[in-house]
Structures are given as structure tokens and as C-alpha cells.
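**Student:** This structure is in C-alpha cells; I'll ask about it shortly.
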Amino acid sequence: MVIFNEKEKLTPAIVELKNQNKTIGFIPTMGALHEGHMSLVKASKAQNDYTIVSIFVNPTQFNNPEDLEKYPRTEEKDIELLTKNGCDFVYLPTVNDLYATNEVAKKYDFGTIDKVMEGASRPGHFDGVATIVSKLFRAVKPTRAYFGEKDFQQIRIIQEMVKQEGLDVLIMPMPIYRAETGLAFSSRNARLSTQQTDDAPQIYSILSKAVALKNEGKDVAEITKFVENEFENSPFKLEYFEITDENSLETIQHFSDAKNIRGFVVAYAGEVRLIDNIKF
């Protein structure tokens, strides 16, 4: 596995692969890697000649400087895990390699998709995400880029950014990688206590029951009320539950309002903010 710290050194390697008509799979990450990330590496390896993973904690997507400071950095473990899983290249840039001095995130017009759910409480967050992913795509020039559906809203933002900027890359959304208990893999899970880890699968269990109710003919309002009641009787504090059109991410009133529908949940286990979603 080859590690690049600078775009200047990465570029010639990419040019050489492109000249040989090799396909490149790419997984952009902020590190603190886990088996969910490795499932993306495996998918990329199966579909491409070479796989590149980037590890970069992006400052422009953090509203709170304290969160940026606290973000887990486990570089040695990450590299060990990537080596074990057969990754070909790792791009480990510094801030200066990707951003000019005092550069801020580009302002995008994403319509409504960056204003709802995760975007509602974090203005500018998705501008930061789109800015860094655009920069990484231009540096790596991947054939395909892989993203886990746990961050479904982020995938929609990246799809829109790629369309707006006319980038030649296929976005590959991948199913949420779950533990046998149903808990979605996340870097944040490491912060859960033993009791919280035991309780956390209840989140996916509630989502699964919501889908079952839809299949029994219940409508959006009834299911939303059910989910809210379930969380009231759980160890978690619900921040939001939304049933939306997958494309616009706008909340729907009835299941007949959209063709592709997904339910999104955010809940707190103590101070740990857990996100999950499910297709209806």
C-alpha cells in the first residue's frame, strides 16, 4: 500500500493509472475507520483495478471549532486496517495541500436538500462537505466513489455537486453496514458505554417496526406518532424522525406522495448523537 501526503506526488501516480486505462475506486473518509468503511473498500476492490482511500478531517464542514478539535484521529490504526483489507493507495493530505490560506467553503445552491434535517441545525455544513469532496475528486479523478447510506443526505448533496460541476465520476451509494444486532457502524459508537451499546440496537428495531406498520397499511402520521412514542419509552432522546421523498428530502404527508421514500432518525444516547435511516 502506497501512502501519499501531497497532491503533487499523488497526481503522477493517477496520471499513470489513467494512461493504462485502469479504473479507480475512491472512498473519501475523515478517519477513525471501522468495518463499515472496510465494506466500501471491499466493494471498490471488486469493481475497480485500484482502490484509493483518503483520510482528512475537513475543517470547513465543522460549525463548532471544539468539535473539530475533538474529532477522533486514529491514523496508525486506520493505516493498519486499510493494509489488512488490501487498499492500494492512501491519500493523507494536510489542510495546506487542499486549501489556500484563509480559504472558506464554496457556496452552493442545493435547493432544499441542504436546508432540512442535518442541514437545518448546521448552516454551511454541506457547503463544506461539497467543497472538500469536489477538491478530492479533482485530485484523485476516480472512476467510482463509494459512500455509505447511513449518511444518505450527504450522498444526495454529493450527487447534486457532481451534477452542478460536471464531474466525471459515478457515485456508488452502499447499504448501511450493521452489526448483527442491527446497530449501524459509526465512528461515534466507540464513545458509547457498555449499557448504551447494549441499548443502541433498539433504534434500528424501531425503524424496522415502522416499515412493518407501513406494510400493514398505516400512514405517515400514524407511523411518526408510533416512532415518537417508542423513543419516549426508550433510553434515547429523539432529536427528529422524518419520513421523506428520497430525491427532494422533503417530508411527505402520505406514502402516495413519492415513489422512493426513506425514514430518517437522530437520537442521543447520553451525549452521543446517533443517526440512522431505513427505506420504506
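Chain lettering (A, B, ...) mirrors the order of the C-alpha cells, residue numbering begins at 1 for each chain separately, and ligand numbering begins at 1 in order of display.
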Could you list, as a list of chain:residue names, every residue within 10 Å of Gln61 in chain A, counting only C-alpha atoms and ignoring same-chain residues fewer than 2 positions away?
**Tutor:**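 Non-adjacent residues within range: A:Val57, A:Asn58, A:Pro59, A:Asn63, A:Asn64, A:Leu68, A:Val104, A:Ala105, A:Arg122, A:Pro123, A:Gly124, A:His125, A:Phe126, A:Asp127, A:Gly128, A:Val129, A:Ala130, A:Thr131, A:Ile132.
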**Student:** Would you put the residues from that selection into a file with N, CA, C and O atoms, as a short mmCIF file (atom, residue, chain, number, x, y, z; two decimals), in the first residue's frame?
**Tutor:**
data_model
loop_
_atom_site.label_atom_id
_atom_site.label_comp_id
_atom_site.auth_asym_id
_atom_site.auth_seq_id
_atom_site.Cartn_x
_atom_site.Cartn_y
_atom_site.Cartn_z
N VAL A 57 -9.59 15.19 7.99
CA VAL A 57 -10.61 15.80 8.83
C VAL A 57 -10.80 17.23 8.31
O VAL A 57 -9.95 18.08 8.48
N ASN A 58 -11.94 17.43 7.64
CA ASN A 58 -12.16 18.65 6.86
C ASN A 58 -12.66 19.81 7.73
O ASN A 58 -13.79 19.77 8.22
N PRO A 59 -11.85 20.86 7.88
CA PRO A 59 -12.25 21.95 8.79
C PRO A 59 -13.47 22.74 8.35
O PRO A 59 -14.22 23.24 9.19
N ASN A 63 -19.15 23.41 12.18
CA ASN A 63 -19.67 24.69 12.64
C ASN A 63 -19.01 25.09 13.96
O ASN A 63 -18.85 26.25 14.27
N ASN A 64 -18.64 24.07 14.73
CA ASN A 64 -18.09 24.29 16.07
C ASN A 64 -16.60 23.90 16.10
O ASN A 64 -16.27 22.73 15.92
N LEU A 68 -14.29 20.07 15.88
CA LEU A 68 -13.14 19.79 15.00
C LEU A 68 -11.96 19.31 15.84
O LEU A 68 -11.27 18.35 15.49
N VAL A 104 -12.30 29.61 2.37
CA VAL A 104 -13.52 29.12 3.01
C VAL A 104 -14.27 28.23 2.02
O VAL A 104 -13.93 28.15 0.85
N ALA A 105 -15.31 27.57 2.52
CA ALA A 105 -16.10 26.68 1.67
C ALA A 105 -16.79 27.46 0.56
O ALA A 105 -17.21 28.60 0.74
N ARG A 122 -27.21 22.94 11.11
CA ARG A 122 -25.78 23.15 10.82
C ARG A 122 -25.61 23.95 9.53
O ARG A 122 -25.15 23.41 8.52
N PRO A 123 -25.98 25.23 9.53
CA PRO A 123 -25.87 26.02 8.30
C PRO A 123 -24.43 26.04 7.79
O PRO A 123 -23.48 26.22 8.56
N GLY A 124 -24.29 25.82 6.48
CA GLY A 124 -22.95 25.84 5.87
C GLY A 124 -22.23 24.51 5.91
O GLY A 124 -21.22 24.32 5.21
N HIS A 125 -22.74 23.57 6.71
CA HIS A 125 -22.08 22.26 6.85
C HIS A 125 -21.92 21.57 5.50
O HIS A 125 -20.83 21.11 5.14
N PHE A 126 -23.01 21.52 4.73
CA PHE A 126 -22.96 20.78 3.47
C PHE A 126 -22.17 21.53 2.39
O PHE A 126 -21.66 20.91 1.46
N ASP A 127 -22.05 22.86 2.51
CA ASP A 127 -21.14 23.58 1.61
C ASP A 127 -19.71 23.08 1.84
O ASP A 127 -18.94 22.88 0.90
N GLY A 128 -19.37 22.87 3.12
CA GLY A 128 -18.04 22.35 3.47
C GLY A 128 -17.82 20.95 2.94
O GLY A 128 -16.75 20.62 2.42
N VAL A 129 -18.85 20.11 3.07
CA VAL A 129 -18.77 18.73 2.56
C VAL A 129 -18.57 18.73 1.05
O VAL A 129 -17.68 18.07 0.51
N ALA A 130 -19.42 19.50 0.34
CA ALA A 130 -19.34 19.53 -1.12
C ALA A 130 -18.00 20.10 -1.59
O ALA A 130 -17.41 19.61 -2.56
N THR A 131 -17.51 21.12 -0.89
CA THR A 131 -16.23 21.75 -1.27
C THR A 131 -15.09 20.74 -1.18
O THR A 131 -14.30 20.61 -2.13
N ILE A 132 -15.02 20.01 -0.08
CA ILE A 132 -13.88 19.09 0.09
C ILE A 132 -14.00 17.89 -0.84
O ILE A 132 -13.01 17.43 -1.42
#
**Student:** Per residue of range 134-219 of chain A within 12 Å of range 72-83 of chain A, note the shortest atom pair and the distance in Å to one decimal, counting only C-alpha atoms, and order the rows by chain and increasing residue number, as JSON lines.
**Tutor:**
{"residue": "A:Ser186", "atom": "CA", "partner": "A:Pro72", "partner_atom": "CA", "distance": 11.9}
{"residue": "A:Ser187", "atom": "CA", "partner": "A:Pro72", "partner_atom": "CA", "distance": 8.2}
{"residue": "A:Arg188", "atom": "CA", "partner": "A:Pro72", "partner_atom": "CA", "distance": 9.0}
{"residue": "A:Asn189", "atom": "CA", "partner": "A:Pro72", "partner_atom": "CA", "distance": 11.7}
{"residue": "A:Ala190", "atom": "CA", "partner": "A:Pro72", "partner_atom": "CA", "distance": 9.9}
{"residue": "A:Arg191", "atom": "CA", "partner": "A:Pro72", "partner_atom": "CA", "distance": 10.2}
**Student:** From the set A:Lys115, A:Lys135, A:Lys22, A:Lys218, which residue has the shortest atom-to-atom contact distance to Ile157 in chain A, counting only C-alpha atoms?
**Tutor:**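 Under the stated criterion, the closest residue is A:Lys115.
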**Student:** When distances are computed from only C-alpha atoms, which of A:Ala100, A:Val211, A:Ala139, A:Met38 shows the smallest separation from Gly86 in chain A?
**Tutor:**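 Closest residue, counting only C-alpha atoms: A:Met38.
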**Student:** Give me the residues within 9 Å of range 244-253 of chain A as a PyMOL selection string, counting only C-alpha atoms and dropping any in the same chain fewer than 2 places off.
**Tutor:** chain A and resi 111-114+116-117+152-153+156+219-221+242+255-264+279
**Student:** Which one of A:Glu16, A:Glu230, A:Asp97, A:Asp276 sits closest to Lys141 in chain A if you count only C-alpha atoms?
**Tutor:** A:Glu16
**Student:** Which one of A:Asn96, A:Asn233, A:Ser208, A:Thr143 sits closest to Leu17 in chain A if you count only C-alpha atoms?
**Tutor:**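 Checking each of A:Asn96, A:Asn233, A:Ser208, A:Thr143 against Leu17 in chain A, counting only C-alpha atoms, the winner is A:Thr143.
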